[in-house]
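What follows is the content of start.txt, which has compact mmCIF, N, CA and C atoms:
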```
# COMPACT_ATOMS: atom_id res chain seq x y z
N MET A 1 0.10 8.42 27.69
CA MET A 1 -0.86 7.36 27.93
C MET A 1 -0.65 6.23 26.92
N ASN A 2 -0.49 6.60 25.64
CA ASN A 2 -0.29 5.59 24.61
C ASN A 2 0.96 4.76 24.88
N GLY A 3 2.03 5.43 25.32
CA GLY A 3 3.27 4.72 25.63
C GLY A 3 3.07 3.71 26.75
N ILE A 4 2.34 4.09 27.76
CA ILE A 4 2.09 3.18 28.89
C ILE A 4 1.26 1.99 28.43
N VAL A 5 0.21 2.26 27.68
CA VAL A 5 -0.66 1.18 27.20
C VAL A 5 0.11 0.25 26.26
N SER A 6 0.94 0.82 25.37
CA SER A 6 1.67 0.02 24.40
C SER A 6 2.82 -0.75 25.02
N LEU A 7 3.50 -0.13 25.98
CA LEU A 7 4.68 -0.76 26.55
C LEU A 7 4.37 -1.63 27.77
N SER A 8 3.23 -1.42 28.38
CA SER A 8 2.88 -2.18 29.58
C SER A 8 1.48 -2.78 29.44
N PRO A 9 1.32 -3.72 28.54
CA PRO A 9 -0.02 -4.28 28.35
C PRO A 9 -0.45 -5.07 29.58
N GLY A 10 -1.74 -5.17 29.75
CA GLY A 10 -2.27 -5.99 30.84
C GLY A 10 -1.92 -7.45 30.58
N SER A 11 -2.18 -8.29 31.54
CA SER A 11 -1.78 -9.70 31.41
C SER A 11 -2.81 -10.56 30.68
N ILE A 12 -4.03 -10.08 30.50
CA ILE A 12 -5.06 -10.92 29.88
C ILE A 12 -4.78 -11.20 28.41
N GLY A 13 -4.33 -10.17 27.65
CA GLY A 13 -4.04 -10.37 26.24
C GLY A 13 -2.93 -11.38 26.01
N PRO A 14 -1.78 -11.21 26.67
CA PRO A 14 -0.72 -12.21 26.52
C PRO A 14 -1.14 -13.60 26.99
N ALA A 15 -1.97 -13.67 28.03
CA ALA A 15 -2.43 -14.98 28.51
C ALA A 15 -3.30 -15.66 27.47
N ILE A 16 -4.18 -14.91 26.83
CA ILE A 16 -5.03 -15.47 25.78
C ILE A 16 -4.17 -15.91 24.59
N ALA A 17 -3.22 -15.05 24.19
CA ALA A 17 -2.34 -15.39 23.07
C ALA A 17 -1.54 -16.65 23.40
N ASN A 18 -1.03 -16.74 24.61
CA ASN A 18 -0.26 -17.92 25.00
C ASN A 18 -1.11 -19.18 24.90
N GLU A 19 -2.34 -19.12 25.38
CA GLU A 19 -3.23 -20.27 25.30
C GLU A 19 -3.51 -20.65 23.84
N MET A 20 -3.69 -19.65 22.99
CA MET A 20 -3.92 -19.92 21.57
C MET A 20 -2.69 -20.57 20.93
N ILE A 21 -1.52 -20.16 21.34
CA ILE A 21 -0.28 -20.75 20.82
C ILE A 21 -0.16 -22.20 21.29
N VAL A 22 -0.38 -22.42 22.56
CA VAL A 22 -0.26 -23.76 23.13
C VAL A 22 -1.23 -24.73 22.44
N ARG A 23 -2.46 -24.29 22.20
CA ARG A 23 -3.47 -25.16 21.57
C ARG A 23 -3.32 -25.24 20.05
N GLY A 24 -2.47 -24.39 19.46
CA GLY A 24 -2.31 -24.39 18.01
C GLY A 24 -3.36 -23.56 17.29
N ASP A 25 -4.19 -22.86 18.06
CA ASP A 25 -5.27 -22.06 17.45
C ASP A 25 -4.73 -20.85 16.69
N LEU A 26 -3.65 -20.25 17.17
CA LEU A 26 -3.14 -19.05 16.53
C LEU A 26 -2.62 -19.36 15.12
N LEU A 27 -1.91 -20.46 14.99
CA LEU A 27 -1.40 -20.85 13.68
C LEU A 27 -2.55 -21.24 12.74
N ARG A 28 -3.52 -21.98 13.27
CA ARG A 28 -4.68 -22.35 12.46
C ARG A 28 -5.45 -21.12 12.01
N LEU A 29 -5.69 -20.19 12.91
CA LEU A 29 -6.38 -18.95 12.57
C LEU A 29 -5.63 -18.17 11.50
N SER A 30 -4.31 -18.11 11.65
CA SER A 30 -3.49 -17.41 10.67
C SER A 30 -3.59 -18.07 9.30
N ASN A 31 -3.44 -19.38 9.25
CA ASN A 31 -3.45 -20.11 7.98
C ASN A 31 -4.83 -20.19 7.33
N ASP A 32 -5.87 -20.34 8.15
CA ASP A 32 -7.20 -20.60 7.60
C ASP A 32 -8.09 -19.37 7.44
N VAL A 33 -7.76 -18.30 8.15
CA VAL A 33 -8.61 -17.11 8.11
C VAL A 33 -7.84 -15.87 7.64
N VAL A 34 -6.77 -15.54 8.34
CA VAL A 34 -6.06 -14.29 8.08
C VAL A 34 -5.38 -14.32 6.71
N ARG A 35 -4.56 -15.34 6.44
CA ARG A 35 -3.84 -15.40 5.16
C ARG A 35 -4.79 -15.42 3.96
N PRO A 36 -5.85 -16.26 3.96
CA PRO A 36 -6.76 -16.24 2.80
C PRO A 36 -7.45 -14.88 2.60
N PHE A 37 -7.79 -14.21 3.69
CA PHE A 37 -8.43 -12.90 3.58
C PHE A 37 -7.52 -11.91 2.86
N TYR A 38 -6.27 -11.80 3.32
CA TYR A 38 -5.35 -10.86 2.72
C TYR A 38 -4.93 -11.28 1.31
N GLN A 39 -4.83 -12.57 1.06
CA GLN A 39 -4.49 -13.04 -0.29
C GLN A 39 -5.59 -12.66 -1.27
N GLN A 40 -6.84 -12.81 -0.85
CA GLN A 40 -7.95 -12.42 -1.72
C GLN A 40 -7.93 -10.92 -1.98
N ARG A 41 -7.69 -10.13 -0.94
CA ARG A 41 -7.66 -8.67 -1.10
C ARG A 41 -6.55 -8.24 -2.04
N VAL A 42 -5.35 -8.80 -1.89
CA VAL A 42 -4.24 -8.38 -2.75
C VAL A 42 -4.50 -8.81 -4.18
N THR A 43 -5.06 -9.98 -4.39
CA THR A 43 -5.37 -10.46 -5.74
C THR A 43 -6.40 -9.56 -6.40
N GLU A 44 -7.45 -9.20 -5.67
CA GLU A 44 -8.48 -8.30 -6.20
C GLU A 44 -7.91 -6.92 -6.50
N THR A 45 -7.06 -6.42 -5.61
CA THR A 45 -6.50 -5.08 -5.80
C THR A 45 -5.59 -5.04 -7.02
N ILE A 46 -4.77 -6.05 -7.20
CA ILE A 46 -3.90 -6.09 -8.38
C ILE A 46 -4.74 -6.13 -9.65
N ALA A 47 -5.80 -6.93 -9.65
CA ALA A 47 -6.68 -7.00 -10.83
C ALA A 47 -7.30 -5.63 -11.10
N THR A 48 -7.68 -4.92 -10.07
CA THR A 48 -8.27 -3.59 -10.23
C THR A 48 -7.24 -2.61 -10.78
N ILE A 49 -6.04 -2.64 -10.25
CA ILE A 49 -4.98 -1.76 -10.76
C ILE A 49 -4.77 -2.02 -12.25
N LEU A 50 -4.71 -3.28 -12.63
CA LEU A 50 -4.45 -3.62 -14.03
C LEU A 50 -5.61 -3.22 -14.95
N ARG A 51 -6.81 -3.09 -14.41
CA ARG A 51 -7.94 -2.59 -15.21
C ARG A 51 -7.80 -1.10 -15.51
N TYR A 52 -7.18 -0.37 -14.60
CA TYR A 52 -7.07 1.08 -14.74
C TYR A 52 -5.71 1.57 -15.25
N LEU A 53 -4.66 0.84 -14.94
CA LEU A 53 -3.31 1.29 -15.28
C LEU A 53 -2.55 0.15 -15.97
N SER A 54 -2.08 0.41 -17.16
CA SER A 54 -1.32 -0.62 -17.89
C SER A 54 0.07 -0.75 -17.27
N PRO A 55 0.73 -1.88 -17.52
CA PRO A 55 2.11 -2.03 -17.03
C PRO A 55 3.07 -0.99 -17.59
N GLU A 56 2.72 -0.36 -18.72
CA GLU A 56 3.56 0.73 -19.24
C GLU A 56 3.46 1.96 -18.33
N ARG A 57 2.35 2.11 -17.63
CA ARG A 57 2.15 3.25 -16.73
C ARG A 57 2.60 2.94 -15.30
N CYS A 58 2.32 1.71 -14.87
CA CYS A 58 2.53 1.37 -13.46
C CYS A 58 2.94 -0.10 -13.33
N LEU A 59 4.07 -0.31 -12.69
CA LEU A 59 4.50 -1.67 -12.38
C LEU A 59 4.21 -1.94 -10.91
N ILE A 60 3.90 -3.17 -10.60
CA ILE A 60 3.57 -3.56 -9.23
C ILE A 60 4.68 -4.47 -8.71
N HIS A 61 5.32 -4.03 -7.65
CA HIS A 61 6.33 -4.88 -7.03
C HIS A 61 5.64 -6.14 -6.50
N LYS A 62 6.33 -7.24 -6.52
CA LYS A 62 5.78 -8.51 -6.04
C LYS A 62 5.35 -8.38 -4.59
N PRO A 63 4.06 -8.64 -4.30
CA PRO A 63 3.62 -8.57 -2.90
C PRO A 63 4.19 -9.75 -2.11
N GLU A 64 4.71 -9.45 -0.94
CA GLU A 64 5.36 -10.49 -0.16
C GLU A 64 4.83 -10.56 1.27
N GLY A 65 3.52 -10.47 1.42
CA GLY A 65 2.92 -10.74 2.71
C GLY A 65 2.56 -9.56 3.58
N ALA A 66 2.86 -8.36 3.18
CA ALA A 66 2.47 -7.20 3.98
C ALA A 66 1.06 -6.77 3.56
N ILE A 67 0.55 -5.71 4.14
CA ILE A 67 -0.76 -5.20 3.76
C ILE A 67 -0.65 -4.04 2.79
N PHE A 68 0.52 -3.94 2.14
CA PHE A 68 0.77 -2.86 1.22
C PHE A 68 1.24 -3.39 -0.13
N LEU A 69 0.94 -2.63 -1.16
CA LEU A 69 1.50 -2.86 -2.48
C LEU A 69 2.40 -1.67 -2.80
N TRP A 70 3.48 -1.95 -3.50
CA TRP A 70 4.36 -0.91 -4.00
C TRP A 70 4.09 -0.74 -5.48
N LEU A 71 3.76 0.49 -5.87
CA LEU A 71 3.49 0.82 -7.26
C LEU A 71 4.64 1.66 -7.79
N TRP A 72 5.14 1.32 -8.95
CA TRP A 72 6.29 2.00 -9.54
C TRP A 72 5.88 2.71 -10.81
N PHE A 73 6.01 4.03 -10.81
CA PHE A 73 5.69 4.88 -11.96
C PHE A 73 7.00 5.40 -12.54
N LYS A 74 7.69 4.54 -13.27
CA LYS A 74 9.05 4.87 -13.72
C LYS A 74 9.11 5.99 -14.73
N ASP A 75 8.05 6.24 -15.49
CA ASP A 75 8.08 7.28 -16.51
C ASP A 75 7.19 8.49 -16.17
N LEU A 76 6.77 8.57 -14.94
CA LEU A 76 5.91 9.68 -14.54
C LEU A 76 6.73 10.97 -14.50
N PRO A 77 6.25 12.05 -15.12
CA PRO A 77 7.03 13.29 -15.18
C PRO A 77 7.01 14.11 -13.88
N ILE A 78 6.28 13.65 -12.89
CA ILE A 78 6.26 14.32 -11.58
C ILE A 78 6.71 13.31 -10.53
N SER A 79 7.15 13.80 -9.40
CA SER A 79 7.55 12.89 -8.32
C SER A 79 6.30 12.32 -7.67
N THR A 80 6.47 11.21 -6.98
CA THR A 80 5.32 10.65 -6.27
C THR A 80 4.93 11.53 -5.08
N LYS A 81 5.82 12.40 -4.64
CA LYS A 81 5.44 13.37 -3.60
C LYS A 81 4.42 14.35 -4.18
N THR A 82 4.64 14.80 -5.40
CA THR A 82 3.67 15.68 -6.07
C THR A 82 2.38 14.92 -6.36
N LEU A 83 2.52 13.69 -6.81
CA LEU A 83 1.33 12.86 -7.06
C LEU A 83 0.54 12.67 -5.78
N TYR A 84 1.24 12.43 -4.68
CA TYR A 84 0.59 12.31 -3.37
C TYR A 84 -0.24 13.55 -3.04
N GLN A 85 0.33 14.74 -3.26
CA GLN A 85 -0.39 15.99 -2.98
C GLN A 85 -1.67 16.08 -3.82
N ARG A 86 -1.57 15.70 -5.09
CA ARG A 86 -2.75 15.73 -5.97
C ARG A 86 -3.81 14.73 -5.51
N LEU A 87 -3.36 13.55 -5.13
CA LEU A 87 -4.29 12.51 -4.67
C LEU A 87 -4.96 12.93 -3.37
N LYS A 88 -4.17 13.49 -2.47
CA LYS A 88 -4.69 13.92 -1.17
C LYS A 88 -5.81 14.94 -1.34
N LYS A 89 -5.66 15.86 -2.28
CA LYS A 89 -6.71 16.85 -2.54
C LYS A 89 -8.01 16.20 -2.98
N ARG A 90 -7.90 14.98 -3.52
CA ARG A 90 -9.08 14.26 -4.01
C ARG A 90 -9.53 13.15 -3.05
N GLY A 91 -8.96 13.15 -1.84
CA GLY A 91 -9.38 12.21 -0.81
C GLY A 91 -8.74 10.84 -0.87
N VAL A 92 -7.65 10.71 -1.60
CA VAL A 92 -6.96 9.42 -1.72
C VAL A 92 -5.58 9.55 -1.06
N LEU A 93 -5.28 8.63 -0.15
CA LEU A 93 -3.99 8.67 0.52
C LEU A 93 -3.16 7.44 0.16
N MET A 94 -2.02 7.70 -0.43
CA MET A 94 -1.00 6.69 -0.72
C MET A 94 0.32 7.34 -0.34
N VAL A 95 1.24 6.58 0.19
CA VAL A 95 2.48 7.14 0.73
C VAL A 95 3.55 7.23 -0.35
N PRO A 96 4.11 8.43 -0.58
CA PRO A 96 5.21 8.54 -1.54
C PRO A 96 6.41 7.73 -1.04
N GLY A 97 7.07 7.05 -1.96
CA GLY A 97 8.12 6.12 -1.59
C GLY A 97 9.33 6.72 -0.93
N HIS A 98 9.67 7.97 -1.23
CA HIS A 98 10.92 8.51 -0.69
C HIS A 98 10.96 8.52 0.83
N TYR A 99 9.79 8.55 1.48
CA TYR A 99 9.77 8.50 2.94
C TYR A 99 10.19 7.13 3.47
N LEU A 100 10.11 6.12 2.63
CA LEU A 100 10.35 4.75 3.07
C LEU A 100 11.71 4.22 2.64
N PHE A 101 12.59 5.13 2.23
CA PHE A 101 13.97 4.77 1.89
C PHE A 101 14.93 5.63 2.71
N PRO A 102 14.85 5.58 4.04
CA PRO A 102 15.72 6.44 4.84
C PRO A 102 17.16 5.96 4.83
N GLY A 103 18.06 6.90 5.01
CA GLY A 103 19.46 6.56 5.21
C GLY A 103 20.26 6.22 3.97
N LEU A 104 19.72 6.48 2.78
CA LEU A 104 20.49 6.21 1.58
C LEU A 104 21.66 7.19 1.48
N ALA A 105 22.81 6.70 1.09
CA ALA A 105 23.98 7.56 0.95
C ALA A 105 23.79 8.56 -0.19
N GLU A 106 23.10 8.15 -1.24
CA GLU A 106 22.85 9.02 -2.39
C GLU A 106 21.36 8.99 -2.72
N ASP A 107 20.91 10.05 -3.36
CA ASP A 107 19.52 10.10 -3.79
C ASP A 107 19.31 9.02 -4.85
N TRP A 108 18.22 8.29 -4.74
CA TRP A 108 17.92 7.20 -5.67
C TRP A 108 16.62 7.54 -6.39
N PRO A 109 16.63 7.75 -7.69
CA PRO A 109 15.42 8.14 -8.43
C PRO A 109 14.23 7.21 -8.17
N HIS A 110 14.50 5.92 -8.03
CA HIS A 110 13.41 4.95 -7.79
C HIS A 110 12.57 5.33 -6.57
N ALA A 111 13.21 5.86 -5.55
CA ALA A 111 12.51 6.24 -4.33
C ALA A 111 11.46 7.33 -4.60
N HIS A 112 11.66 8.11 -5.64
CA HIS A 112 10.73 9.19 -5.98
C HIS A 112 9.72 8.78 -7.06
N GLN A 113 9.78 7.51 -7.45
CA GLN A 113 8.90 6.99 -8.50
C GLN A 113 7.89 5.98 -7.96
N CYS A 114 7.95 5.70 -6.66
CA CYS A 114 7.10 4.67 -6.06
C CYS A 114 6.09 5.25 -5.08
N LEU A 115 4.96 4.57 -5.01
CA LEU A 115 3.94 4.83 -4.00
C LEU A 115 3.68 3.53 -3.25
N ARG A 116 3.36 3.65 -1.99
CA ARG A 116 2.93 2.49 -1.21
C ARG A 116 1.44 2.65 -0.93
N MET A 117 0.67 1.64 -1.31
CA MET A 117 -0.77 1.70 -1.06
C MET A 117 -1.21 0.53 -0.20
N ASN A 118 -2.16 0.79 0.66
CA ASN A 118 -2.76 -0.23 1.51
C ASN A 118 -3.89 -0.87 0.71
N TYR A 119 -3.98 -2.19 0.73
CA TYR A 119 -5.02 -2.87 -0.02
C TYR A 119 -6.09 -3.50 0.87
N VAL A 120 -6.17 -3.08 2.13
CA VAL A 120 -7.10 -3.68 3.06
C VAL A 120 -8.50 -3.03 3.06
N PRO A 121 -8.65 -1.74 2.73
CA PRO A 121 -10.00 -1.18 2.73
C PRO A 121 -10.96 -1.94 1.82
N GLU A 122 -12.23 -1.63 1.95
CA GLU A 122 -13.26 -2.30 1.16
C GLU A 122 -12.94 -2.19 -0.33
N PRO A 123 -13.22 -3.24 -1.11
CA PRO A 123 -12.90 -3.22 -2.54
C PRO A 123 -13.49 -2.01 -3.28
N GLU A 124 -14.66 -1.53 -2.88
CA GLU A 124 -15.25 -0.36 -3.54
C GLU A 124 -14.38 0.88 -3.33
N LYS A 125 -13.88 1.05 -2.12
CA LYS A 125 -13.01 2.20 -1.83
C LYS A 125 -11.67 2.06 -2.57
N ILE A 126 -11.16 0.85 -2.62
CA ILE A 126 -9.91 0.61 -3.37
C ILE A 126 -10.11 0.99 -4.83
N GLU A 127 -11.22 0.55 -5.42
CA GLU A 127 -11.46 0.86 -6.83
C GLU A 127 -11.61 2.36 -7.05
N GLN A 128 -12.32 3.05 -6.17
CA GLN A 128 -12.45 4.50 -6.30
C GLN A 128 -11.08 5.17 -6.25
N GLY A 129 -10.23 4.75 -5.30
CA GLY A 129 -8.90 5.33 -5.18
C GLY A 129 -8.03 5.05 -6.39
N ILE A 130 -8.10 3.86 -6.92
CA ILE A 130 -7.31 3.50 -8.09
C ILE A 130 -7.79 4.27 -9.32
N ALA A 131 -9.09 4.46 -9.45
CA ALA A 131 -9.63 5.25 -10.57
C ALA A 131 -9.09 6.68 -10.52
N ILE A 132 -9.08 7.26 -9.32
CA ILE A 132 -8.55 8.63 -9.16
C ILE A 132 -7.05 8.64 -9.44
N LEU A 133 -6.33 7.64 -8.95
CA LEU A 133 -4.90 7.53 -9.22
C LEU A 133 -4.65 7.50 -10.72
N ALA A 134 -5.39 6.68 -11.44
CA ALA A 134 -5.21 6.58 -12.89
C ALA A 134 -5.49 7.92 -13.58
N GLN A 135 -6.51 8.63 -13.12
CA GLN A 135 -6.81 9.95 -13.69
C GLN A 135 -5.65 10.91 -13.48
N GLU A 136 -5.09 10.91 -12.28
CA GLU A 136 -3.99 11.83 -11.97
C GLU A 136 -2.72 11.47 -12.74
N VAL A 137 -2.48 10.18 -12.92
CA VAL A 137 -1.32 9.76 -13.72
C VAL A 137 -1.49 10.23 -15.15
N GLU A 138 -2.67 10.03 -15.72
CA GLU A 138 -2.92 10.46 -17.10
C GLU A 138 -2.83 11.99 -17.21
N LEU A 139 -3.31 12.71 -16.21
CA LEU A 139 -3.23 14.16 -16.22
C LEU A 139 -1.76 14.62 -16.22
N ALA A 140 -0.94 14.01 -15.38
CA ALA A 140 0.49 14.38 -15.33
C ALA A 140 1.16 14.10 -16.67
N LEU A 141 0.83 13.00 -17.29
CA LEU A 141 1.42 12.66 -18.59
C LEU A 141 0.93 13.63 -19.67
N SER A 142 -0.35 14.00 -19.64
CA SER A 142 -0.86 14.92 -20.66
C SER A 142 -0.28 16.33 -20.47
N GLU A 143 -0.04 16.74 -19.22
CA GLU A 143 0.59 18.02 -18.96
C GLU A 143 2.02 18.04 -19.54
N ARG A 144 2.71 16.95 -19.38
CA ARG A 144 4.08 16.84 -19.93
C ARG A 144 4.02 16.94 -21.46
N ASP A 145 3.08 16.22 -22.06
CA ASP A 145 2.98 16.19 -23.51
C ASP A 145 2.55 17.53 -24.07
N ALA A 146 1.78 18.30 -23.31
CA ALA A 146 1.32 19.60 -23.76
C ALA A 146 2.42 20.67 -23.67
N ALA A 147 3.39 20.41 -22.81
CA ALA A 147 4.46 21.40 -22.60
C ALA A 147 5.45 21.46 -23.72
```
Could you render the structure as C-alpha cells?
Amino acid sequence: MNGIVSLSPGSIGPAIANEMIVRGDLLRLSNDVVRPFYQQRVTETIATILRYLSPERCLIHKPEGAIFLWLWFKDLPISTKTLYQRLKKRGVLMVPGHYLFPGLAEDWPHAHQCLRMNYVPEPEKIEQGIAILAQEVELALSERDAA
C-alpha cells in the first residue's frame, strides 16, 4: 500500500505544487518560513550542545541545510554504536555514524566516532536528549579512566 501511495500520488498534490511554483509561492514560503524555522532550530540546538558538551568532548560538523547535525566524539573510548545502545535505553535516539558510511573500501574510524541527531523536535526535548547524551559521554570517559 505504501509503495502505491508513494509511487502513484493523486493529481491534486502535484497540481497544487505546480500552481505554487507558477505563482512563486513555493520559493517565497521556503525563503520566508521554512528556512528561518530550521535556521533558528539549528542555532538553538548548537547553543544547547555547547552548554552541555565542550569542543574537547564533541565537535559539530558544519550544518549545511539538512535537518540533522553530525556530532563527532573523536576521543570517546566506546563506539557510537555502543553509545547509541546506552542512549536508547534512556529514551534518546541518535543514529550511529557507521550506518551512514556505506560502501567504504576500508573501515574508517571516523565513521564509528560520529552520531547523527535530528534537531527538529521541540527545544525542550532536544535539551533533555543532549543532557542525557552528555551524561553518557562523561560516564564512558569515567569508565575508561577508572580502568
query: Can you tell me how far atom N of Gln39 (chain A) sits from CA of Glu122 (chain A), in Å to one decimal?
result: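 Distance reported for this atom pair: 13.3 Å.
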field: DSSP helix (DSSP H, G or I) residues within chain A, listed as number ranges by chain
entry: A: 2-7, 12-23, 25-52, 80-89, 97-100, 109-112, 123-146
task: Grab the CA of Pro55 (chain A) to CA of Cys114 (chain A) distance for me, in Å with one decimal place.
output: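 Answer for the CA of Pro55 (chain A) to CA of Cys114 (chain A) separation: 13.8 Å.
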- request: Tell me, as a PyMOL selection string, which residues lie within 6.5 Å of region 119-121 of chain A, counting all atoms listed in the file; anything in the same chain fewer than 2 positions away does not count.
  value: chain A and resi 41-42+45+67-69+117+123-126
Would you output that residue set with N, CA and C atoms, as a CSV table (one decimal), keeping the file's coordinate frame?
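And here's out38.csv as it stands now:
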```csv
chain,number,residue,atom,x,y,z
A,41,ARG,N,-7.7,-10.1,-0.9
A,41,ARG,CA,-7.7,-8.7,-1.1
A,41,ARG,C,-6.6,-8.2,-2.0
A,42,VAL,N,-5.4,-8.8,-1.9
A,42,VAL,CA,-4.2,-8.4,-2.8
A,42,VAL,C,-4.5,-8.8,-4.2
A,45,THR,N,-7.1,-6.4,-5.6
A,45,THR,CA,-6.5,-5.1,-5.8
A,45,THR,C,-5.6,-5.0,-7.0
A,67,ILE,N,0.6,-5.7,4.1
A,67,ILE,CA,-0.8,-5.2,3.8
A,67,ILE,C,-0.6,-4.0,2.8
A,68,PHE,N,0.5,-3.9,2.1
A,68,PHE,CA,0.8,-2.9,1.2
A,68,PHE,C,1.2,-3.4,-0.1
A,69,LEU,N,0.9,-2.6,-1.2
A,69,LEU,CA,1.5,-2.9,-2.5
A,69,LEU,C,2.4,-1.7,-2.8
A,117,MET,N,0.7,1.6,-1.3
A,117,MET,CA,-0.8,1.7,-1.1
A,117,MET,C,-1.2,0.5,-0.2
A,123,PRO,N,-13.2,-3.2,-1.1
A,123,PRO,CA,-12.9,-3.2,-2.5
A,123,PRO,C,-13.5,-2.0,-3.3
A,124,GLU,N,-14.7,-1.5,-2.9
A,124,GLU,CA,-15.2,-0.4,-3.5
A,124,GLU,C,-14.4,0.9,-3.3
A,125,LYS,N,-13.9,1.0,-2.1
A,125,LYS,CA,-13.0,2.2,-1.8
A,125,LYS,C,-11.7,2.1,-2.6
A,126,ILE,N,-11.2,0.8,-2.6
A,126,ILE,CA,-9.9,0.6,-3.4
A,126,ILE,C,-10.1,1.0,-4.8
```
query: chain A: which residues are strand (DSSP E) by DSSP, as a VMD selection string?
result: chain A and resid 59 to 60 68 to 72 95 to 96 114 to 118
query: At what distance in Å, to one decimal, does CA of Asn31 (chain A) lie from atom N of Ile49 (chain A)?
result: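 Calculated distance between atom N of Ile49 (chain A) and CA of Asn31 (chain A) is 25.4 Å.
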Do you know which residues lie at most 9 Å from (3.7, 0.6, 1.5), with coordinates as in the file and only C-alpha atoms counted, and could you write them as a PDB file with N, CA and C atoms, in the frame of the given file?
```pdb
ATOM      1  N   ALA A  66       2.860  -8.360   3.180  1.00  0.00           N
ATOM      2  CA  ALA A  66       2.470  -7.200   3.980  1.00  0.00           C
ATOM      3  C   ALA A  66       1.060  -6.770   3.560  1.00  0.00           C
ATOM      4  N   ILE A  67       0.550  -5.710   4.140  1.00  0.00           N
ATOM      5  CA  ILE A  67      -0.760  -5.200   3.760  1.00  0.00           C
ATOM      6  C   ILE A  67      -0.650  -4.040   2.790  1.00  0.00           C
ATOM      7  N   PHE A  68       0.520  -3.940   2.140  1.00  0.00           N
ATOM      8  CA  PHE A  68       0.770  -2.860   1.220  1.00  0.00           C
ATOM      9  C   PHE A  68       1.240  -3.390  -0.130  1.00  0.00           C
ATOM     10  N   LEU A  69       0.940  -2.630  -1.160  1.00  0.00           N
ATOM     11  CA  LEU A  69       1.500  -2.860  -2.480  1.00  0.00           C
ATOM     12  C   LEU A  69       2.400  -1.670  -2.800  1.00  0.00           C
ATOM     13  N   TRP A  70       3.480  -1.950  -3.500  1.00  0.00           N
ATOM     14  CA  TRP A  70       4.360  -0.910  -4.000  1.00  0.00           C
ATOM     15  C   TRP A  70       4.090  -0.740  -5.480  1.00  0.00           C
ATOM     16  N   LEU A  71       3.760   0.490  -5.870  1.00  0.00           N
ATOM     17  CA  LEU A  71       3.490   0.820  -7.260  1.00  0.00           C
ATOM     18  C   LEU A  71       4.640   1.660  -7.790  1.00  0.00           C
ATOM     19  N   MET A  94      -2.020   7.700  -0.430  1.00  0.00           N
ATOM     20  CA  MET A  94      -1.000   6.690  -0.720  1.00  0.00           C
ATOM     21  C   MET A  94       0.320   7.340  -0.340  1.00  0.00           C
ATOM     22  N   VAL A  95       1.240   6.580   0.190  1.00  0.00           N
ATOM     23  CA  VAL A  95       2.480   7.140   0.730  1.00  0.00           C
ATOM     24  C   VAL A  95       3.550   7.230  -0.350  1.00  0.00           C
ATOM     25  N   PRO A  96       4.110   8.430  -0.580  1.00  0.00           N
ATOM     26  CA  PRO A  96       5.210   8.540  -1.540  1.00  0.00           C
ATOM     27  C   PRO A  96       6.410   7.730  -1.040  1.00  0.00           C
ATOM     28  N   GLY A  97       7.070   7.050  -1.960  1.00  0.00           N
ATOM     29  CA  GLY A  97       8.120   6.120  -1.590  1.00  0.00           C
ATOM     30  C   GLY A  97       9.330   6.720  -0.930  1.00  0.00           C
ATOM     31  N   LEU A 100      10.110   6.120   2.630  1.00  0.00           N
ATOM     32  CA  LEU A 100      10.350   4.750   3.070  1.00  0.00           C
ATOM     33  C   LEU A 100      11.710   4.220   2.640  1.00  0.00           C
ATOM     34  N   LEU A 115       4.960   4.570  -5.010  1.00  0.00           N
ATOM     35  CA  LEU A 115       3.940   4.830  -4.000  1.00  0.00           C
ATOM     36  C   LEU A 115       3.680   3.530  -3.250  1.00  0.00           C
ATOM     37  N   ARG A 116       3.360   3.650  -1.990  1.00  0.00           N
ATOM     38  CA  ARG A 116       2.930   2.490  -1.210  1.00  0.00           C
ATOM     39  C   ARG A 116       1.440   2.650  -0.930  1.00  0.00           C
ATOM     40  N   MET A 117       0.670   1.640  -1.310  1.00  0.00           N
ATOM     41  CA  MET A 117      -0.770   1.700  -1.060  1.00  0.00           C
ATOM     42  C   MET A 117      -1.210   0.530  -0.200  1.00  0.00           C
ATOM     43  N   ASN A 118      -2.160   0.790   0.660  1.00  0.00           N
ATOM     44  CA  ASN A 118      -2.760  -0.230   1.510  1.00  0.00           C
ATOM     45  C   ASN A 118      -3.890  -0.870   0.710  1.00  0.00           C
TER      46      ASN A 118
END
```
query: Quick one: residues within 7 Å of region 72-78 of chain A, only C-alpha atoms counted, chain neighbours fewer than 2 positions away excluded, as a ChimeraX atom specification?
result: /A:57-60,70,80,82-83,113-115,140-141,144
- prompt: Around (-5.4, 9.3, -7.4) in the file's frame, which residues reach within 9 Å when counting only C-alpha atoms? Return as a list in words?
  reply: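 Every polymer residue passing the test: Leu83, Tyr84, Arg86, Leu87, Lys88, Arg90, Gly91, Val92, Leu93, Met94, Gln128, Gly129, Ile130, Ala131, Ile132, Leu133, Ala134, Gln135, Glu136 and Val137 of chain A.
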